[in-house]
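Q: Just so it is clear, I am handing over final15.csv, which has CSV, C-alpha atoms.
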chain,number,residue,atom,x,y,z
A,1026,MET,CA,14.5,10.8,-3.0
A,1027,GLU,CA,13.6,8.7,0.0
A,1028,TYR,CA,10.4,6.6,0.1
A,1029,ILE,CA,9.0,4.8,3.1
A,1030,PHE,CA,6.6,2.0,2.4
A,1031,THR,CA,5.5,-1.4,3.6
A,1032,LEU,CA,5.3,-4.7,1.6
A,1033,ARG,CA,3.5,-7.7,3.0
A,1034,PHE,CA,4.1,-11.2,1.6
A,1035,GLN,CA,2.7,-14.7,2.0
A,1036,LEU,CA,5.7,-17.0,2.4
A,1037,PRO,CA,6.2,-20.3,0.5
A,1038,LYS,CA,6.1,-23.5,2.4
A,1039,PRO,CA,8.2,-25.0,3.9
A,1040,LEU,CA,9.0,-22.0,6.1
A,1041,LEU,CA,12.7,-21.1,6.8
A,1042,PRO,CA,13.9,-20.5,10.3
A,1043,GLU,CA,13.6,-16.8,11.2
A,1044,ASP,CA,17.4,-16.2,11.4
A,1045,GLU,CA,17.9,-17.8,8.0
A,1046,LEU,CA,15.1,-15.8,6.5
A,1047,LEU,CA,16.5,-12.6,7.9
A,1048,LYS,CA,20.0,-13.4,6.5
A,1049,GLN,CA,18.6,-14.2,3.1
A,1050,LEU,CA,16.7,-10.9,3.1
A,1051,ILE,CA,19.8,-8.9,4.0
A,1052,ASP,CA,21.9,-10.7,1.4
A,1053,ALA,CA,19.3,-9.9,-1.2
A,1054,GLY,CA,19.4,-6.2,-0.6
A,1055,CYS,CA,16.7,-5.7,2.0
A,1056,ASP,CA,19.0,-4.2,4.6
A,1057,ASP,CA,17.0,-1.0,4.4
A,1058,ALA,CA,13.9,-2.7,5.8
A,1059,LEU,CA,12.4,-3.4,9.2
A,1060,VAL,CA,11.2,-7.0,9.1
A,1061,GLY,CA,8.1,-8.2,10.9
A,1062,LEU,CA,7.6,-12.0,11.4
A,1063,GLY,CA,4.7,-12.0,13.9
A,1064,VAL,CA,2.3,-14.2,11.9
A,1065,PRO,CA,3.5,-17.6,10.8
A,1066,GLY,CA,3.8,-17.8,7.0
A,1067,LYS,CA,3.7,-14.1,6.5
A,1068,VAL,CA,6.3,-11.3,6.5
A,1069,ALA,CA,5.9,-7.5,6.5
A,1070,LEU,CA,8.8,-5.3,5.6
A,1071,GLU,CA,8.9,-1.5,6.1
A,1072,PHE,CA,11.4,-0.1,3.7
A,1073,THR,CA,13.1,3.3,3.8
A,1074,ARG,CA,14.5,3.2,0.3
A,1075,GLU,CA,16.4,5.8,-1.8
A,1076,ALA,CA,15.4,5.8,-5.5
A,1077,SER,CA,14.7,8.1,-8.4
A,1078,SER,CA,11.0,7.4,-8.3
A,1079,ALA,CA,8.5,5.7,-6.0
A,1080,GLN,CA,7.9,3.0,-8.6
A,1081,ARG,CA,11.6,2.1,-8.8
A,1082,ALA,CA,11.8,2.0,-5.0
A,1083,VAL,CA,8.8,-0.3,-4.6
A,1084,LEU,CA,9.6,-2.6,-7.6
A,1085,SER,CA,13.2,-3.0,-6.6
A,1086,ALA,CA,12.2,-3.9,-3.1
A,1087,ILE,CA,9.7,-6.5,-4.4
A,1088,ARG,CA,12.4,-8.0,-6.6
A,1089,ASN,CA,14.8,-8.1,-3.6
A,1090,VAL,CA,12.3,-9.9,-1.4
A,1091,GLN,CA,11.4,-12.4,-4.1
A,1092,SER,CA,15.0,-13.2,-4.9
A,1093,ALA,CA,15.5,-13.9,-1.2
A,1094,MET,CA,12.3,-15.9,-0.9
A,1095,PRO,CA,11.4,-17.5,-4.3
A,1096,GLY,CA,7.7,-18.2,-4.3
A,1097,ALA,CA,6.8,-15.4,-1.9
A,1098,GLN,CA,3.6,-13.7,-3.0
A,1099,LEU,CA,3.0,-10.0,-2.5
A,1100,THR,CA,-0.3,-9.5,-0.6
A,1101,GLU,CA,-0.3,-5.8,0.0
A,1102,ALA,CA,1.7,-2.6,-0.6
A,1103,ALA,CA,1.2,0.3,1.7
A,1104,PRO,CA,0.4,3.1,2.1
A,1105,ASP,CA,-2.8,2.5,0.2
A,1106,LEU,CA,-5.8,1.6,2.3
A,1107,VAL,CA,-6.2,4.2,5.0
A,1108,GLY,CA,-8.6,5.5,7.6
A,1109,LEU,CA,-9.1,9.1,8.6
A,1110,THR,CA,-6.5,8.9,11.4
A,1111,ASP,CA,-3.9,7.7,8.9
A,1112,VAL,CA,-4.7,10.6,6.5
A,1113,ALA,CA,-4.6,13.1,9.4
A,1114,ASP,CA,-1.1,11.8,10.4
A,1115,ILE,CA,0.1,12.1,6.8
A,1116,ILE,CA,-1.1,15.6,6.2
A,1117,GLY,CA,-0.3,16.9,9.7
A,1118,VAL,CA,-3.8,17.6,11.1
A,1119,SER,CA,-5.8,16.1,14.0
A,1120,ARG,CA,-8.1,13.1,13.4
A,1121,GLN,CA,-11.0,15.4,14.5
A,1122,ASN,CA,-10.0,18.0,11.9
A,1123,MET,CA,-9.9,15.3,9.2
A,1124,ARG,CA,-13.3,13.9,10.2
A,1125,LYS,CA,-14.8,17.4,10.2
A,1126,LEU,CA,-13.4,18.0,6.7
A,1127,MET,CA,-14.8,14.8,5.4
A,1128,LEU,CA,-18.3,15.4,7.0
A,1129,SER,CA,-18.5,19.0,5.8
A,1130,HIS,CA,-17.7,18.0,2.2
A,1131,SER,CA,-19.3,14.5,2.2
A,1132,SER,CA,-20.8,14.9,-1.3
A,1133,GLN,CA,-17.4,15.6,-2.8
A,1134,PHE,CA,-15.2,13.5,-0.5
A,1135,PRO,CA,-13.9,10.3,-2.2
A,1136,LEU,CA,-16.0,7.3,-1.7
A,1137,PRO,CA,-14.6,4.8,0.7
A,1138,VAL,CA,-13.4,1.4,-0.4
A,1139,HIS,CA,-15.0,-0.1,2.7
A,1140,ASP,CA,-17.7,1.8,4.6
A,1141,GLY,CA,-18.5,0.3,8.0
A,1142,LYS,CA,-17.5,0.8,11.6
A,1143,THR,CA,-14.1,1.8,10.3
A,1144,ALA,CA,-14.2,3.3,6.8
A,1145,LEU,CA,-11.2,2.9,4.5
A,1146,TRP,CA,-10.1,4.9,1.5
A,1147,HIS,CA,-7.4,4.7,-1.1
A,1148,LEU,CA,-4.8,7.2,0.1
A,1149,ALA,CA,-4.2,8.4,-3.5
A,1150,ASP,CA,-7.9,9.4,-3.9
A,1151,VAL,CA,-8.0,11.4,-0.6
A,1152,LEU,CA,-4.7,13.1,-1.4
A,1153,GLU,CA,-5.9,14.1,-4.8
A,1154,TRP,CA,-9.1,15.5,-3.4
A,1155,LEU,CA,-7.2,17.4,-0.8
A,1156,GLU,CA,-4.8,18.8,-3.4
A,1157,GLN,CA,-7.7,19.9,-5.6
A,1158,ARG,CA,-9.2,21.9,-2.8
A,1159,GLY,CA,-5.9,23.8,-2.7
A,1160,SER,CA,-5.7,24.0,1.1
A,1161,TYR,CA,-3.0,21.3,1.6
A,1162,ALA,CA,0.4,20.9,0.0
A,1163,ILE,CA,1.0,17.2,-0.4
A,1164,PRO,CA,4.7,16.3,-0.9
A,1165,ASP,CA,5.4,14.9,-4.4
A,1166,ALA,CA,7.0,11.7,-2.9
A,1167,THR,CA,3.9,11.0,-0.7
A,1168,ARG,CA,1.5,11.5,-3.6
A,1169,GLU,CA,3.6,9.5,-6.0
A,1170,LEU,CA,4.0,6.6,-3.5
A,1171,ALA,CA,0.3,6.5,-2.8
A,1172,GLN,CA,-0.4,6.2,-6.6
A,1173,VAL,CA,2.2,3.4,-7.0
A,1174,THR,CA,0.9,1.3,-4.1
A,1175,LEU,CA,-2.7,1.8,-5.3
A,1176,ARG,CA,-1.9,0.6,-8.8
A,1177,LEU,CA,0.2,-2.3,-7.5
A,1178,ASN,CA,-2.6,-3.4,-5.1
A,1179,LEU,CA,-5.2,-3.2,-7.8
A,1180,GLN,CA,-3.0,-5.2,-10.2
A,1181,GLN,CA,-2.5,-7.9,-7.5
A,1182,THR,CA,-6.2,-8.0,-6.9
A,1183,MET,CA,-7.0,-8.4,-10.6
A,1184,GLN,CA,-4.5,-11.2,-10.9
A,1185,ARG,CA,-5.9,-13.0,-7.8
A,1186,TYR,CA,-9.4,-12.8,-9.2
A,1187,ALA,CA,-8.7,-13.2,-12.9
A,1188,HIS,CA,-10.6,-16.5,-13.0
A,1189,CYS,CA,-13.7,-14.8,-11.6
A,1190,ILE,CA,-13.4,-12.0,-14.1
A,1191,ALA,CA,-13.0,-14.5,-17.0
A,1192,SER,CA,-16.0,-16.5,-15.8
A,1193,ALA,CA,-18.1,-13.4,-15.6
A,1194,ALA,CA,-17.1,-12.3,-19.1
A,1195,ASP,CA,-17.8,-15.8,-20.5
A,1196,GLY,CA,-21.2,-15.7,-18.9
A,1197,ASN,CA,-22.0,-12.4,-20.5
A,1198,ASN,CA,-21.0,-13.6,-23.9
A,1199,GLN,CA,-23.4,-16.5,-23.9
Step by step, read the file and then write its structure as structure tokens.

A:
Amino acid sequence: MEYIFTLRFQLPKPLLPEDELLKQLIDAGCDDALVGLGVPGKVALEFTREASSAQRAVLSAIRNVQSAMPGAQLTEAAPDLVGLTDVADIIGVSRQNMRKLMLSHSSQFPLPVHDGKTALWHLADVLEWLEQRGSYAIPDATRELAQVTLRLNLQQTMQRYAHCIASAADGNNQ
């Protein structure tokens, strides 16, 4: 099955010249990715990868990138955090239709991860809610990929803040 996803990395220092970095990525098996190098010290890769599962596709891509750039740290896997426009695009409706759906079912609609001028949700939560309603057929690959990227991002966040979690637990045990 084909999976389309984006991985964002913080690059190790010193930074390689762009042409050398691109060559290393291709040599490491990332020839199925569009590479974005617009921000110094960061790289975004949009993969279109064939694999037997979303997890295999994403994990193999991470391994390929990290073998090309030892020390590169994954900062985000997408699709995960989405706005209503993103969800509308994914399920094939207008943004206005998606907003109306969210507002008319506000008590059941998944809680946003960030609620401000632009609200953000985990795609996996919104897709699950839509599927439970029975009015939208979500492709298995889309649902599976959203769950994999959500788990991966949560795992990355937990690792990043492990010291805070440990400190909080120590404080509660005293």

Q: Excluding range 1115-1127 of chain A and its own-chain neighbours fewer than 5 positions away, which residues fall within 10 Å of it when counting only C-alpha atoms? Please give them as a PyMOL selection string.

A: chain A and resi 1108-1110+1132-1135+1148+1151-1152+1155+1161-1164+1167

Q: Go ahead and write the selection's residues with C-alpha atoms as a compact mmCIF listing (two decimals), keeping the file's coordinate frame.

A:
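Below you can see again.txt, which holds the result:
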# COMPACT_ATOMS: atom_id res chain seq x y z
CA GLY A 1108 -8.60 5.50 7.60
CA LEU A 1109 -9.10 9.10 8.60
CA THR A 1110 -6.50 8.90 11.40
CA SER A 1132 -20.80 14.90 -1.30
CA GLN A 1133 -17.40 15.60 -2.80
CA PHE A 1134 -15.20 13.50 -0.50
CA PRO A 1135 -13.90 10.30 -2.20
CA LEU A 1148 -4.80 7.20 0.10
CA VAL A 1151 -8.00 11.40 -0.60
CA LEU A 1152 -4.70 13.10 -1.40
CA LEU A 1155 -7.20 17.40 -0.80
CA TYR A 1161 -3.00 21.30 1.60
CA ALA A 1162 0.40 20.90 0.00
CA ILE A 1163 1.00 17.20 -0.40
CA PRO A 1164 4.70 16.30 -0.90
CA THR A 1167 3.90 11.00 -0.70

Q: Set out as a Markdown table a contact list for range 1071-1154 of chain A and range 1042-1063 of chain A with a cut-off of 8 Å, giving each residue of range 1071-1154 of chain A that qualifies its closest atom pair and distance in Å to one decimal, counting only C-alpha atoms, ordered by chain and rising residue number.

A:
| residue | atom | partner | partner_atom | distance |
| --- | --- | --- | --- | --- |
| A:Glu1071 | CA | A:Leu1059 | CA | 5.0 |
| A:Phe1072 | CA | A:Ala1058 | CA | 4.2 |
| A:Thr1073 | CA | A:Asp1057 | CA | 5.8 |
| A:Arg1074 | CA | A:Asp1057 | CA | 6.4 |
| A:Ala1086 | CA | A:Cys1055 | CA | 7.0 |
| A:Asn1089 | CA | A:Ala1053 | CA | 5.4 |
| A:Val1090 | CA | A:Leu1050 | CA | 6.4 |
| A:Ser1092 | CA | A:Ala1053 | CA | 6.6 |
| A:Ala1093 | CA | A:Gln1049 | CA | 5.3 |
| A:Met1094 | CA | A:Gln1049 | CA | 7.7 |

Q: Take the residues from that selection and write them out as a PDB file, in the coordinates of the input, keeping C-alpha atoms.

A:
ATOM      1  CA  GLU A1071       8.900  -1.500   6.100  1.00  0.00           C
ATOM      2  CA  PHE A1072      11.400  -0.100   3.700  1.00  0.00           C
ATOM      3  CA  THR A1073      13.100   3.300   3.800  1.00  0.00           C
ATOM      4  CA  ARG A1074      14.500   3.200   0.300  1.00  0.00           C
ATOM      5  CA  ALA A1086      12.200  -3.900  -3.100  1.00  0.00           C
ATOM      6  CA  ASN A1089      14.800  -8.100  -3.600  1.00  0.00           C
ATOM      7  CA  VAL A1090      12.300  -9.900  -1.400  1.00  0.00           C
ATOM      8  CA  SER A1092      15.000 -13.200  -4.900  1.00  0.00           C
ATOM      9  CA  ALA A1093      15.500 -13.900  -1.200  1.00  0.00           C
ATOM     10  CA  MET A1094      12.300 -15.900  -0.900  1.00  0.00           C
TER      11      MET A1094
END

Q: Hey, which of A:Lys1067, A:Lys1142, A:Arg1088, A:Arg1168 ends up closest to Lys1038 in chain A? Count all atoms listed in the file.

A: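 Comparing A:Lys1067, A:Lys1142, A:Arg1088, A:Arg1168 against Lys1038 in chain A, the winner is A:Lys1067.
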
Q: Just give me the gap between CA of Thr1100 in chain A and CA of Ser1078 in chain A in Å, one decimal is fine.

A: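 Computing the Euclidean distance for CA of Thr1100 in chain A and CA of Ser1078 in chain A yields 21.7 Å.
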
Q: For a quick check of understanding, using only C-alpha atoms, which of A:Tyr1028, A:Trp1146, A:Tyr1186, A:Trp1154 has the smallest distance to Ala1082 in chain A?

A: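 Distance minimum relative to Ala1082 in chain A lands on A:Tyr1028.
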
Q: Just checking: using all atoms listed in the file, which residue out of A:Ala1113, A:Leu1128, A:Ala1144, A:Ala1102 ends up closest to Gln1180 in chain A?

A: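 Of the candidates, the smallest distance to Gln1180 in chain A is held by A:Ala1102.
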
Q: Counting all atoms listed in the file, which residue out of A:Leu1040, A:Leu1175, A:Ala1187, A:Met1026 sits closest to Glu1075 in chain A?

A: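 Closest residue, counting all atoms listed in the file: A:Met1026.
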
Q: With only C-alpha atoms as the basis for distance, which of A:Ala1079, A:Leu1145, A:Leu1036, A:Ile1029 is at the shortest distance from Asp1111 in chain A?

A: A:Leu1145

Q: Mind giving me the straight-line distance from CA of Ser1129 in chain A to CA of Asp1165 in chain A in Å, one decimal?

A: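 We find that CA of Ser1129 in chain A and CA of Asp1165 in chain A lie 26.3 Å from each other.
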
Q: Mind pulling up the distance from CA of Ala1191 in chain A to CA of Val1083 in chain A?

A: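 Going from CA of Val1083 in chain A over to CA of Ala1191 in chain A, I get 28.8 Å.
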
Q: Between A:Ala1166, A:Val1138, A:Ala1171, A:Leu1032, which has the minimum distance to Ser1085 in chain A (counting all atoms listed in the file)?

A: A:Leu1032
